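Structure file protein-v4.cif; described as mmCIF, C-alpha atoms.
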```
data_my_file
#
loop_
_atom_site.label_atom_id
_atom_site.label_comp_id
_atom_site.auth_asym_id
_atom_site.auth_seq_id
_atom_site.Cartn_x
_atom_site.Cartn_y
_atom_site.Cartn_z
CA MET A 1 17.16 3.27 16.09
CA TYR A 2 14.43 1.17 14.38
CA GLU A 3 12.83 0.40 17.73
CA ASN A 4 9.41 0.08 16.09
CA VAL A 5 10.54 -2.42 13.43
CA LEU A 6 10.11 -5.89 14.90
CA PHE A 7 11.59 -9.21 13.82
CA GLN A 8 13.29 -8.01 10.67
CA ASN A 9 16.79 -9.16 9.74
CA ALA A 10 17.38 -6.26 7.33
CA VAL A 11 17.50 -3.77 10.22
CA PRO A 12 21.03 -4.56 11.56
CA LEU A 13 22.43 -4.19 8.03
CA LEU A 14 20.74 -0.80 7.62
CA GLU A 15 21.99 0.38 11.01
CA ARG A 16 25.53 -0.63 10.11
CA ASP A 17 25.45 1.19 6.76
CA ILE A 18 23.89 4.34 8.23
CA LYS A 19 26.32 4.58 11.15
CA SER A 20 29.32 3.96 8.91
CA GLY A 21 28.13 6.48 6.32
CA ARG A 22 28.00 3.79 3.63
CA LEU A 23 24.30 4.01 2.82
CA PRO A 24 24.02 4.70 -0.93
CA ARG A 25 21.61 7.24 -2.39
CA ALA A 26 19.32 4.57 -3.83
CA ILE A 27 18.23 1.40 -2.03
CA LEU A 28 15.64 -1.33 -2.53
CA PHE A 29 13.67 -3.17 0.16
CA SER A 30 12.61 -6.56 -1.18
CA GLY A 31 10.24 -8.91 0.62
CA GLY A 32 6.74 -10.28 0.87
CA GLU A 33 3.53 -8.61 1.98
CA CYS A 34 3.28 -7.26 5.55
CA CYS A 35 6.96 -7.76 6.38
CA GLY A 36 7.65 -4.18 7.49
CA LYS A 37 9.17 -2.63 4.36
CA LEU A 38 7.20 0.63 4.53
CA THR A 39 7.68 1.00 8.29
CA THR A 40 11.42 0.53 7.82
CA ALA A 41 11.49 2.99 4.91
CA LEU A 42 9.73 5.66 6.97
CA GLU A 43 12.10 5.02 9.88
CA THR A 44 15.11 5.27 7.56
CA ALA A 45 13.85 8.66 6.37
CA ARG A 46 13.57 9.82 9.98
CA VAL A 47 16.92 8.41 11.11
CA ILE A 48 19.07 9.90 8.34
CA SER A 49 17.50 13.34 8.91
CA CYS A 50 17.83 13.30 12.69
CA ALA A 51 19.41 16.59 13.82
CA ALA A 52 21.14 14.91 16.78
CA ARG A 53 23.77 13.44 14.48
CA SER A 54 25.12 16.83 13.40
CA GLN A 55 25.39 17.74 17.09
CA GLY A 56 27.56 14.72 17.84
CA LYS A 57 24.83 13.07 19.92
CA THR A 58 23.28 9.62 19.76
CA PHE A 59 20.93 9.92 16.81
CA GLY A 60 17.92 8.16 15.38
CA GLN A 61 16.27 7.16 18.64
CA TRP A 62 12.49 6.82 18.40
CA ASN A 63 11.90 9.33 21.21
CA CYS A 64 14.30 11.92 19.81
CA SER A 65 12.87 15.40 20.37
CA CYS A 66 14.59 17.19 17.48
CA PRO A 67 12.17 19.05 15.14
CA SER A 68 13.02 16.78 12.21
CA CYS A 69 12.21 13.58 14.10
CA GLN A 70 8.96 15.05 15.41
CA LYS A 71 7.80 15.87 11.89
CA HIS A 72 8.85 12.50 10.50
CA ARG A 73 7.11 10.60 13.31
CA ALA A 74 3.90 12.48 12.56
CA LEU A 75 4.45 11.98 8.79
CA VAL A 76 4.22 15.71 8.09
CA SER A 77 7.82 16.35 7.03
CA GLN A 78 8.18 18.49 3.91
CA ASN A 79 11.29 16.45 3.05
CA LEU A 80 9.37 13.20 2.57
CA MET A 81 7.67 12.07 -0.64
CA LEU A 82 5.69 8.82 -0.69
CA LEU A 83 4.08 7.27 -3.74
CA GLY A 84 2.99 3.96 -5.16
CA PRO A 85 -0.01 1.63 -4.91
CA ARG A 86 -1.01 0.25 -1.51
CA ASP A 87 -4.17 -1.01 0.19
CA CYS A 88 -4.19 1.51 3.05
CA THR A 89 -7.78 1.38 4.23
CA LEU A 90 -7.59 -1.96 6.03
CA GLU A 91 -4.76 -0.68 8.22
CA ILE A 92 -6.77 2.50 8.83
CA LYS A 93 -9.79 0.42 9.91
CA ALA A 94 -7.64 -1.74 12.21
CA ALA A 95 -6.08 1.36 13.76
CA LYS A 96 -9.51 2.96 14.09
CA LYS A 97 -10.80 -0.05 16.02
CA ALA A 98 -7.80 0.03 18.39
CA PHE A 99 -8.18 3.78 18.93
CA ALA A 100 -11.95 3.75 19.49
CA SER A 101 -11.67 0.76 21.86
CA SER A 102 -8.98 2.43 23.95
CA CYS A 103 -11.06 5.59 24.22
CA ALA A 104 -14.17 3.64 25.20
CA LEU A 105 -12.25 1.79 27.90
CA GLY A 106 -10.21 4.82 28.96
CA ASP A 107 -7.13 2.60 29.13
CA SER A 108 -3.43 3.44 28.98
CA HIS A 109 -3.19 2.85 25.23
CA MET A 110 -5.22 5.92 24.19
CA ASN A 111 -2.31 8.13 23.14
CA ALA A 112 -0.49 5.27 21.41
CA THR A 113 -3.57 4.21 19.45
CA ARG A 114 -4.42 7.82 18.57
CA PHE A 115 -0.91 8.18 17.13
CA LEU A 116 -1.30 4.87 15.30
CA PHE A 117 -4.57 5.98 13.71
CA LEU A 118 -3.26 9.40 12.65
CA ARG A 119 -0.15 7.83 11.07
CA SER A 120 -2.21 5.23 9.22
CA VAL A 121 -4.30 7.98 7.64
CA ARG A 122 -1.24 10.03 6.72
CA LYS A 123 0.36 7.02 5.02
CA LEU A 124 -2.51 7.31 2.56
CA GLU A 125 -2.71 11.10 2.39
CA ALA A 126 1.01 11.40 1.65
CA ARG A 127 0.42 9.71 -1.71
CA PHE A 128 -1.75 12.64 -2.77
CA SER A 129 0.75 15.44 -2.45
CA PRO A 130 -0.09 18.35 -4.79
CA ILE A 131 3.51 18.06 -5.99
CA LEU A 132 2.91 14.53 -7.32
CA PHE A 133 -0.44 15.42 -8.91
CA ALA A 134 0.66 18.73 -10.47
CA GLY A 135 -0.74 18.82 -13.99
CA SER A 136 -3.41 16.19 -13.26
CA ASP A 137 -7.07 16.94 -13.92
CA LYS A 138 -7.88 15.10 -10.67
CA LEU A 139 -6.00 17.53 -8.43
CA SER A 140 -8.96 19.73 -7.46
CA LYS A 141 -11.17 16.76 -6.51
CA ILE A 142 -8.35 15.18 -4.52
CA ALA A 143 -7.65 18.46 -2.72
CA ALA A 144 -11.30 18.78 -1.69
CA LEU A 145 -11.30 15.28 -0.19
CA THR A 146 -7.94 15.59 1.59
CA SER A 147 -9.05 18.93 3.04
CA GLU A 148 -12.15 17.22 4.43
CA ILE A 149 -9.98 14.52 6.02
CA ASP A 150 -7.59 17.10 7.47
CA GLU A 151 -10.44 19.06 9.06
CA LEU A 152 -11.77 15.91 10.72
CA MET A 153 -8.28 14.90 11.81
CA GLU A 154 -7.66 18.24 13.50
CA GLU A 155 -10.03 17.41 16.34
CA LEU A 156 -8.11 14.20 17.04
CA ASP A 157 -4.62 15.63 16.67
CA VAL A 158 -2.18 15.06 19.51
CA GLU A 159 -2.09 18.80 20.20
CA HIS A 160 -5.72 18.75 21.31
CA GLU A 161 -7.52 17.11 24.17
CA LEU A 162 -9.58 14.17 22.96
CA PRO A 163 -13.36 14.57 22.90
CA GLU A 164 -15.59 11.97 24.58
CA ALA A 165 -15.35 8.38 23.35
CA LYS A 166 -18.57 8.50 21.31
CA LYS A 167 -17.39 11.60 19.45
CA VAL A 168 -13.98 9.99 18.82
CA ASP A 169 -15.66 6.96 17.28
CA GLU A 170 -17.85 9.14 15.05
CA LEU A 171 -14.94 11.26 13.84
CA ALA A 172 -12.71 8.24 13.24
CA GLN A 173 -15.48 6.55 11.26
CA LYS A 174 -15.98 9.61 9.05
CA ILE A 175 -12.23 9.78 8.45
CA SER A 176 -12.11 6.07 7.61
CA ASP A 177 -15.01 6.43 5.15
CA ALA A 178 -13.38 9.44 3.46
CA CYS A 179 -10.07 7.56 3.20
CA GLN A 180 -11.78 4.63 1.52
CA LYS A 181 -13.23 7.01 -1.07
CA LEU A 182 -9.85 8.70 -1.56
CA GLU A 183 -8.10 5.39 -2.10
CA GLY A 184 -10.85 3.84 -4.21
CA ASP A 185 -11.38 6.81 -6.52
CA PHE A 186 -7.91 8.26 -6.93
CA LEU A 187 -5.05 5.93 -5.95
CA TYR A 188 -3.39 4.54 -9.04
CA ASP A 189 -2.60 0.83 -9.21
CA SER A 190 0.64 1.63 -11.02
CA ILE A 191 2.89 4.68 -10.84
CA PRO A 192 2.17 7.21 -13.63
CA ILE A 193 5.07 8.77 -15.49
CA LEU A 194 3.70 12.21 -14.54
CA GLN A 195 4.40 11.50 -10.87
CA ILE A 196 7.97 10.38 -11.59
CA ARG A 197 8.59 13.56 -13.57
CA ASN A 198 7.07 15.72 -10.85
CA LEU A 199 9.13 14.12 -8.08
CA SER A 200 12.26 14.49 -10.23
CA GLU A 201 11.76 18.26 -10.29
CA TRP A 202 11.09 18.26 -6.55
CA ALA A 203 14.17 16.14 -5.81
CA HIS A 204 16.47 18.58 -7.58
CA ILE A 205 15.32 21.48 -5.41
CA GLY A 206 17.60 21.68 -2.38
CA ALA A 207 16.08 21.14 1.07
CA ALA A 208 16.25 23.98 3.58
CA GLU A 209 17.53 21.48 6.14
CA GLY A 210 18.03 17.75 6.46
CA LYS A 211 17.75 15.27 3.61
CA LYS A 212 14.99 14.60 1.15
CA VAL A 213 13.68 11.05 0.99
CA ILE A 214 11.57 9.58 -1.81
CA ILE A 215 9.81 6.29 -1.03
CA ILE A 216 8.41 4.45 -4.04
CA GLU A 217 6.31 1.41 -3.11
CA ARG A 218 5.68 -1.51 -5.45
CA ALA A 219 8.45 -0.48 -7.81
CA GLU A 220 7.68 -3.54 -9.94
CA ARG A 221 4.30 -1.98 -10.83
CA MET A 222 5.71 0.91 -12.85
CA PRO A 223 4.87 1.04 -16.58
CA GLU A 224 7.74 1.31 -19.03
CA GLY A 225 7.63 5.10 -19.34
CA ALA A 226 7.76 5.60 -15.58
CA ARG A 227 10.58 3.04 -15.23
CA ASN A 228 12.68 4.84 -17.84
CA ALA A 229 12.01 8.22 -16.23
CA LEU A 230 13.06 6.87 -12.82
CA LEU A 231 16.17 5.30 -14.31
CA LYS A 232 17.32 8.71 -15.56
CA ILE A 233 17.08 10.10 -12.02
CA LEU A 234 18.91 7.14 -10.50
CA GLU A 235 21.77 7.45 -12.97
CA GLU A 236 22.69 10.74 -11.28
CA PRO A 237 20.63 11.03 -8.08
CA PRO A 238 20.51 14.53 -6.57
CA GLU A 239 22.78 15.29 -3.64
CA GLU A 240 21.22 14.97 -0.18
CA THR A 241 18.35 12.88 -1.57
CA LEU A 242 17.71 9.24 -0.72
CA PHE A 243 15.57 6.99 -2.92
CA ILE A 244 13.95 4.01 -1.22
CA LEU A 245 12.16 1.57 -3.51
CA THR A 246 10.13 -1.36 -2.20
CA THR A 247 9.02 -4.47 -4.04
CA ARG A 248 7.36 -7.82 -3.44
CA ALA A 249 8.96 -9.23 -6.60
CA ARG A 250 12.58 -8.20 -7.12
CA ASN A 251 12.83 -10.19 -10.35
CA ALA A 252 10.08 -8.01 -11.84
CA VAL A 253 12.05 -4.80 -11.29
CA MET A 254 13.86 -3.46 -14.34
CA PRO A 255 17.47 -4.87 -14.35
CA THR A 256 19.01 -1.49 -15.07
CA ILE A 257 17.24 -0.10 -12.00
CA LEU A 258 18.44 -3.04 -9.90
CA SER A 259 22.01 -2.25 -10.97
CA ARG A 260 21.68 1.22 -9.44
CA VAL A 261 20.30 0.27 -6.03
CA ARG A 262 21.53 -1.72 -3.05
CA THR A 263 19.06 -4.42 -2.09
CA TYR A 264 18.07 -5.21 1.50
CA ASN A 265 16.12 -8.47 1.72
CA PHE A 266 13.23 -8.64 4.19
CA SER A 267 12.20 -11.95 5.73
CA SER A 268 8.63 -13.08 6.38
CA ARG A 269 7.45 -13.16 10.01
CA ASN A 270 6.32 -16.48 11.47
CA LEU A 271 2.99 -16.91 13.26
CA GLU A 272 4.32 -16.20 16.75
CA GLN A 273 6.06 -13.03 15.57
CA SER A 274 2.91 -11.89 13.73
CA LYS A 275 0.80 -12.44 16.84
CA GLU A 276 3.19 -10.33 18.92
CA ILE A 277 3.13 -7.51 16.37
CA ILE A 278 -0.67 -7.51 16.24
CA ASP A 279 -0.79 -7.42 20.03
CA ARG A 280 1.81 -4.65 20.40
CA VAL A 281 0.57 -2.48 17.54
CA PHE A 282 -3.20 -3.00 17.51
CA HIS A 283 -3.61 -4.30 21.10
CA ASP A 284 -5.56 -7.27 19.80
CA GLY A 285 -5.01 -10.86 20.81
CA ALA A 286 -5.77 -12.27 17.36
CA GLU A 287 -3.81 -15.40 16.53
CA CYS A 288 -3.11 -15.14 12.83
CA GLU A 289 -0.76 -13.68 10.24
CA ILE A 290 -0.76 -9.89 9.88
CA LYS A 291 -2.24 -10.05 6.37
CA ASN A 292 -5.06 -12.27 7.58
CA TYR A 293 -5.71 -9.99 10.54
CA LEU A 294 -6.08 -6.94 8.31
CA GLU A 295 -8.44 -8.85 6.03
CA THR A 296 -10.83 -9.32 8.95
CA PHE A 297 -11.71 -5.65 8.42
CA LEU A 298 -13.08 -6.31 4.95
CA PRO A 299 -16.86 -5.76 4.73
CA VAL A 300 -17.11 -9.17 3.01
CA THR A 301 -14.82 -12.07 3.91
CA SER A 302 -12.23 -13.18 1.38
CA GLU A 303 -13.73 -16.68 1.57
CA SER A 304 -17.14 -15.32 0.55
CA VAL A 305 -15.64 -13.39 -2.34
CA SER A 306 -13.78 -16.49 -3.51
CA GLN A 307 -17.00 -18.50 -3.49
CA VAL A 308 -18.78 -15.83 -5.53
CA ALA A 309 -15.86 -15.92 -7.98
CA LYS A 310 -16.15 -19.71 -8.26
CA ASN A 311 -19.87 -19.51 -9.01
CA PHE A 312 -19.25 -16.67 -11.48
CA LEU A 313 -16.67 -18.75 -13.37
CA ALA A 314 -18.77 -21.92 -13.25
CA GLU A 315 -21.69 -20.13 -14.91
CA ILE A 316 -19.48 -18.86 -17.71
CA LEU A 317 -18.00 -22.32 -18.38
CA SER A 318 -21.48 -23.86 -18.39
CA GLY A 319 -22.53 -21.51 -21.17
CA ALA A 320 -24.68 -19.26 -18.98
CA ILE A 321 -24.28 -15.50 -18.48
CA PRO A 322 -23.68 -14.51 -14.84
CA ASP A 323 -25.66 -11.66 -13.31
CA VAL A 324 -22.81 -9.16 -13.02
CA SER A 325 -24.84 -6.68 -10.96
CA GLU A 326 -25.67 -9.38 -8.40
CA THR A 327 -22.03 -10.48 -8.34
CA ILE A 328 -20.92 -6.95 -7.52
CA LYS A 329 -23.57 -6.66 -4.82
CA LYS A 330 -22.52 -9.94 -3.16
CA CYS A 331 -18.92 -8.70 -3.06
CA GLY A 332 -19.77 -5.50 -1.20
CA LYS A 333 -19.51 -3.43 -4.39
CA PHE A 334 -15.79 -4.23 -4.30
CA GLU A 335 -15.15 -1.53 -1.72
CA PRO A 336 -12.34 -1.37 -0.70
CA ARG A 337 -10.87 -2.28 -4.04
CA ILE A 338 -8.71 -5.09 -2.60
CA LEU A 339 -11.93 -7.13 -2.82
CA PHE A 340 -11.80 -6.84 -6.60
CA LYS A 341 -8.25 -8.19 -6.62
CA ILE A 342 -9.27 -11.09 -4.33
CA PHE A 343 -12.15 -11.86 -6.71
CA LEU A 344 -9.94 -11.94 -9.81
CA ASP A 345 -7.12 -13.84 -8.08
CA SER A 346 -9.69 -16.44 -7.04
CA ILE A 347 -10.76 -16.93 -10.65
CA LEU A 348 -7.15 -17.63 -11.59
CA ASP A 349 -6.79 -20.07 -8.70
CA PHE A 350 -9.90 -21.97 -9.76
CA LEU A 351 -8.56 -22.31 -13.31
CA ARG A 352 -5.48 -24.24 -12.16
CA ALA A 353 -7.16 -27.56 -13.00
CA SER A 354 -7.12 -26.51 -16.66
CA PHE A 355 -3.34 -26.97 -16.81
CA GLU A 356 -3.78 -30.76 -16.79
CA SER A 357 -4.02 -30.81 -20.60
CA ALA A 358 -2.27 -28.97 -23.42
CA GLY A 359 -5.49 -27.44 -24.73
CA GLY A 360 -6.58 -26.49 -21.25
CA THR A 361 -3.23 -24.87 -20.56
CA GLN A 362 -3.48 -22.65 -23.64
CA ALA A 363 -7.04 -21.69 -22.74
CA ALA A 364 -6.08 -20.94 -19.12
CA LEU A 365 -3.19 -18.74 -20.24
CA GLU A 366 -5.57 -16.77 -22.45
CA CYS A 367 -7.95 -16.37 -19.49
CA LYS A 368 -5.09 -15.17 -17.32
CA GLU A 369 -4.54 -12.39 -19.84
CA HIS A 370 -8.26 -11.58 -19.86
CA VAL A 371 -8.26 -11.33 -16.05
CA GLN A 372 -5.18 -9.09 -16.04
CA ASN A 373 -6.76 -6.83 -18.66
CA CYS A 374 -9.94 -6.67 -16.58
CA TYR A 375 -7.98 -5.52 -13.55
CA ASN A 376 -5.98 -2.98 -15.56
CA ASN A 377 -9.12 -1.60 -17.16
CA VAL A 378 -10.52 -0.77 -13.73
CA SER A 379 -7.40 0.20 -11.80
CA THR A 380 -5.44 1.99 -14.51
CA TYR A 381 -7.96 3.12 -17.11
CA ASN A 382 -10.89 3.90 -14.79
CA GLN A 383 -13.38 1.61 -16.52
CA GLY A 384 -16.42 0.82 -14.38
CA ILE A 385 -16.31 -2.56 -12.64
CA GLN A 386 -19.61 -3.67 -14.18
CA ALA A 387 -18.42 -2.96 -17.72
CA ALA A 388 -15.06 -4.60 -17.02
CA LEU A 389 -16.67 -7.78 -15.67
CA GLU A 390 -19.13 -7.94 -18.55
CA GLU A 391 -16.18 -7.77 -20.94
CA LEU A 392 -14.43 -10.48 -18.92
CA VAL A 393 -17.49 -12.72 -19.25
CA ARG A 394 -17.46 -12.33 -23.04
CA ASN A 395 -13.72 -12.95 -23.30
CA VAL A 396 -13.63 -16.03 -21.06
CA ALA A 397 -16.73 -17.49 -22.76
CA GLY A 398 -15.13 -16.93 -26.15
CA THR A 399 -11.90 -18.62 -25.09
CA ASN A 400 -13.82 -21.55 -23.68
CA ARG A 401 -15.72 -22.04 -26.96
CA ARG A 402 -12.59 -21.80 -29.12
CA HIS A 403 -10.82 -24.42 -27.01
CA ALA A 404 -13.70 -26.90 -27.03
CA LYS A 405 -14.63 -26.23 -23.43
CA GLN A 406 -11.35 -27.52 -22.00
CA LEU A 407 -11.35 -25.03 -19.15
CA LYS A 408 -11.92 -26.66 -15.77
CA ILE A 409 -12.46 -25.47 -12.22
CA ALA A 410 -10.11 -26.70 -9.49
#
```

Will you turn the file into structure tokens for me?
Amino acid sequence: MYENVLFQNAVPLLERDIKSGRLPRAILFSGGECCGKLTTALETARVISCAARSQGKTFGQWNCSCPSCQKHRALVSQNLMLLGPRDCTLEIKAAKKAFASSCALGDSHMNATRFLFLRSVRKLEARFSPILFAGSDKLSKIAALTSEIDELMEELDVEHELPEAKKVDELAQKISDACQKLEGDFLYDSIPILQIRNLSEWAHIGAAEGKKVIIIERAERMPEGARNALLKILEEPPEETLFILTTRARNAVMPTILSRVRTYNFSSRNLEQSKEIIDRVFHDGAECEIKNYLETFLPVTSESVSQVAKNFLAEILSGAIPDVSETIKKCGKFEPRILFKIFLDSILDFLRASFESAGGTQAALECKEHVQNCYNNVSTYNQGIQAALEELVRNVAGTNRRHAKQLKIA
């Protein structure tokens, strides 16, 4: 049970509650980035649905051959619903590299890395279930793209013999490119109320067998309407349905939701533990934190993006107008979209020096709101990045003028 969750102190507590039958119908996994919350949530979904338990056998083992465990391992179970914002494409690229390398070398990791790559793609695809997007005007476009990904994936599926290494690399690259488009064009940065309502209807329909599990990532990112809709479900959760919420900021989760879930706290991995996970999962000897390893698959380094952000901000504060088109170009067109977040976070970091004075503090707080609005305009309201950044330039410049140019760069 939980054999593929490494160095996580929440696991023994989960095992105890599952074996004793004391696991409630709504739980929350709280912890920082890249600490294994999603992996543990997916494993929990598999373990509680394992058919071996009803047969009085040892249940929940990773290599269990029951039909339920096979479907959950492949992330194709009809009893699993996954939603919420996540930067999936970097993991897909890392898994793609491991898979293609193993095929090129013909080493013993080929099947493991193939499985890793397929799962990484399905972690993204699962967020685009037609059930979640029912009633959305984006459904037909999403369906066309997921169908394209599924057709490409079929040739690499574990049921088929792998093609030659060059063909594997080509297929995996096409899948990775399509996934980046799927995530960039259609994955919401917050959880829409429509998806909460749709999953509520789905949750109240009894499962043919096993238990239904709903995993909601980044629960702190839900707007008020979605939070209230979820709260109604959690007040009387359906029988045989488990809700697993994850968060990086427990204090940002609605208190009334917190009162209806049991929290399992996840610890951060140290450098040695991160190195071992990278080696065991991606078969790479990189010596860094998991987050930093995944960021090596960005088309533009985070350091480069931060420098562009610093120059962008410096021009605004000097009274000049930055070339927004050139900024976007230097940042790889902000694809994948995590680059846009790195860019905006860097602007906020560089404004820290403004907090040295009262006037600077007020100006910096206004700019923080401008930056947040810029991000929301792109990620939630689908405004183009160029238009959003041009608006940000105007807003920051206006704030700087009103506060007698008290904004400073750290």

### Task
Choose the residue, out of A:Pro237, A:Gly206, A:Pro322, A:Pro336, that has the smallest atom-to-atom separation from Glu391 (chain A); count all atoms listed in the file.
A:Pro322

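The space between CA of Asp150 (chain A) and CA of Ala178 (chain A) spans 10.4 Å.
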
### Residues matched by the PyMOL selection byres ((chain A and resi 275-291) around 8), written as a ChimeraX atom specification
/A:6,33-34,94-95,98,113,116,270-274,292-295

### Task
Measure the distance from CA of Gly106 (chain A) to CA of Phe297 (chain A) in Å and round it to one decimal.
23.1 Å

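With the shown file loaded, the PyMOL selection byres ((chain A and resi 300-310) around 6) picks out Leu298, Pro299, Asn311, Phe312, Leu313, Cys331, Phe343, Ser346 and Ile347 of chain A.
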
Could you dump the residues just selected with C-alpha atoms as a compact mmCIF listing (two decimals), in the frame of the given file?
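Final output, again_10.txt:
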```txt
# COMPACT_ATOMS: atom_id res chain seq x y z
CA LEU A 298 -13.08 -6.31 4.95
CA PRO A 299 -16.86 -5.76 4.73
CA ASN A 311 -19.87 -19.51 -9.01
CA PHE A 312 -19.25 -16.67 -11.48
CA LEU A 313 -16.67 -18.75 -13.37
CA CYS A 331 -18.92 -8.70 -3.06
CA PHE A 343 -12.15 -11.86 -6.71
CA SER A 346 -9.69 -16.44 -7.04
CA ILE A 347 -10.76 -16.93 -10.65
```

### Message
Using all atoms listed in the file, which protein or nucleic acid residues come within 6 Å of region 72-85 of chain A? Drop anything in the same chain fewer than 2 positions from it, and give the result as number ranges by chain.
### Response
A: 46, 69-70, 126-127, 189, 191, 212-217

### Query
Taking into account all atoms listed in the file, which residue in the set A:Thr89, A:Asn4, A:Asn111, A:Thr44 is nearest to Leu182 (chain A)?
A:Thr89

### Task
Evaluate the PyMOL selection byres ((chain A and resi 171) around 12) here and jot the selected residues down as a VMD selection string.
chain A and resid 96 99 to 100 117 to 118 148 to 157 162 to 170 172 to 178

### Task
Using CA of Arg260 (chain A) and CA of Ser30 (chain A) as the two end points, give the distance in Å to one decimal.
14.5 Å

### Query
What's the 10 Å shell around Glu15 (chain A), counting all atoms listed in the file, without same-chain residues fewer than 2 positions away, as a list in words?
Met1, Tyr2, Ala10, Val11, Pro12, Leu13, Asp17, Ile18, Lys19, Ser20, Gly21, Leu23, Thr44, Val47 and Gly60 of chain A

### Task
Write out as a ChimeraX atom specification the residues lying within 9 Å of Val378 (chain A), counting only C-alpha atoms and excluding same-chain residues fewer than 6 positions away.
/A:384-385,388

#### Entry: Closest of A:Asn382, A:Gln406, A:Thr399, A:Ser49 to Gly184 (chain A) - atom-to-atom distances counting all atoms listed in the file
A:Asn382

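For the residues A:Leu348, A:Ala203, A:Ala143, A:Ala208, ranking by smallest atom-to-atom distance to Leu242 (chain A) using only C-alpha atoms places A:Ala203 first.
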
#### Entry: Counting only C-alpha atoms, the option among A:Asn373, A:Gln195, A:Ser136, A:Thr246 closest to Leu42 (chain A)
A:Thr246

### Query
If you count only C-alpha atoms, which residues fall within 12 Å of Gly135 (chain A), apart from same-chain ones fewer than 5 positions away, as an MDAnalysis selection string?
chainID A and resid 130 140 192:195 197:198

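Proximity to Tyr188 (chain A) was assessed for A:Val396, A:Ile131, A:Leu124, A:Leu245 counting only C-alpha atoms; the smallest distance is recorded for A:Leu124.
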
### Arg401 (chain A) surroundings by only C-alpha atoms, 12 Å radius, close-in-sequence under 6 positions cut, as a PyMOL selection string
chain A and resi 316-319+359-360+363+394-395+407

Please identify all polymer residues lying at most 6 Å from the point (-3.9, -1.3, -12.0) (file coordinates), using all atoms listed in the file, and present the result as a PDB file with C-alpha atoms, in the frame of the given file.
```
ATOM      1  CA  ASP A 189      -2.600   0.830  -9.210  1.00  0.00           C
ATOM      2  CA  SER A 190       0.640   1.630 -11.020  1.00  0.00           C
ATOM      3  CA  ASN A 376      -5.980  -2.980 -15.560  1.00  0.00           C
ATOM      4  CA  SER A 379      -7.400   0.200 -11.800  1.00  0.00           C
ATOM      5  CA  THR A 380      -5.440   1.990 -14.510  1.00  0.00           C
TER       6      THR A 380
END
```
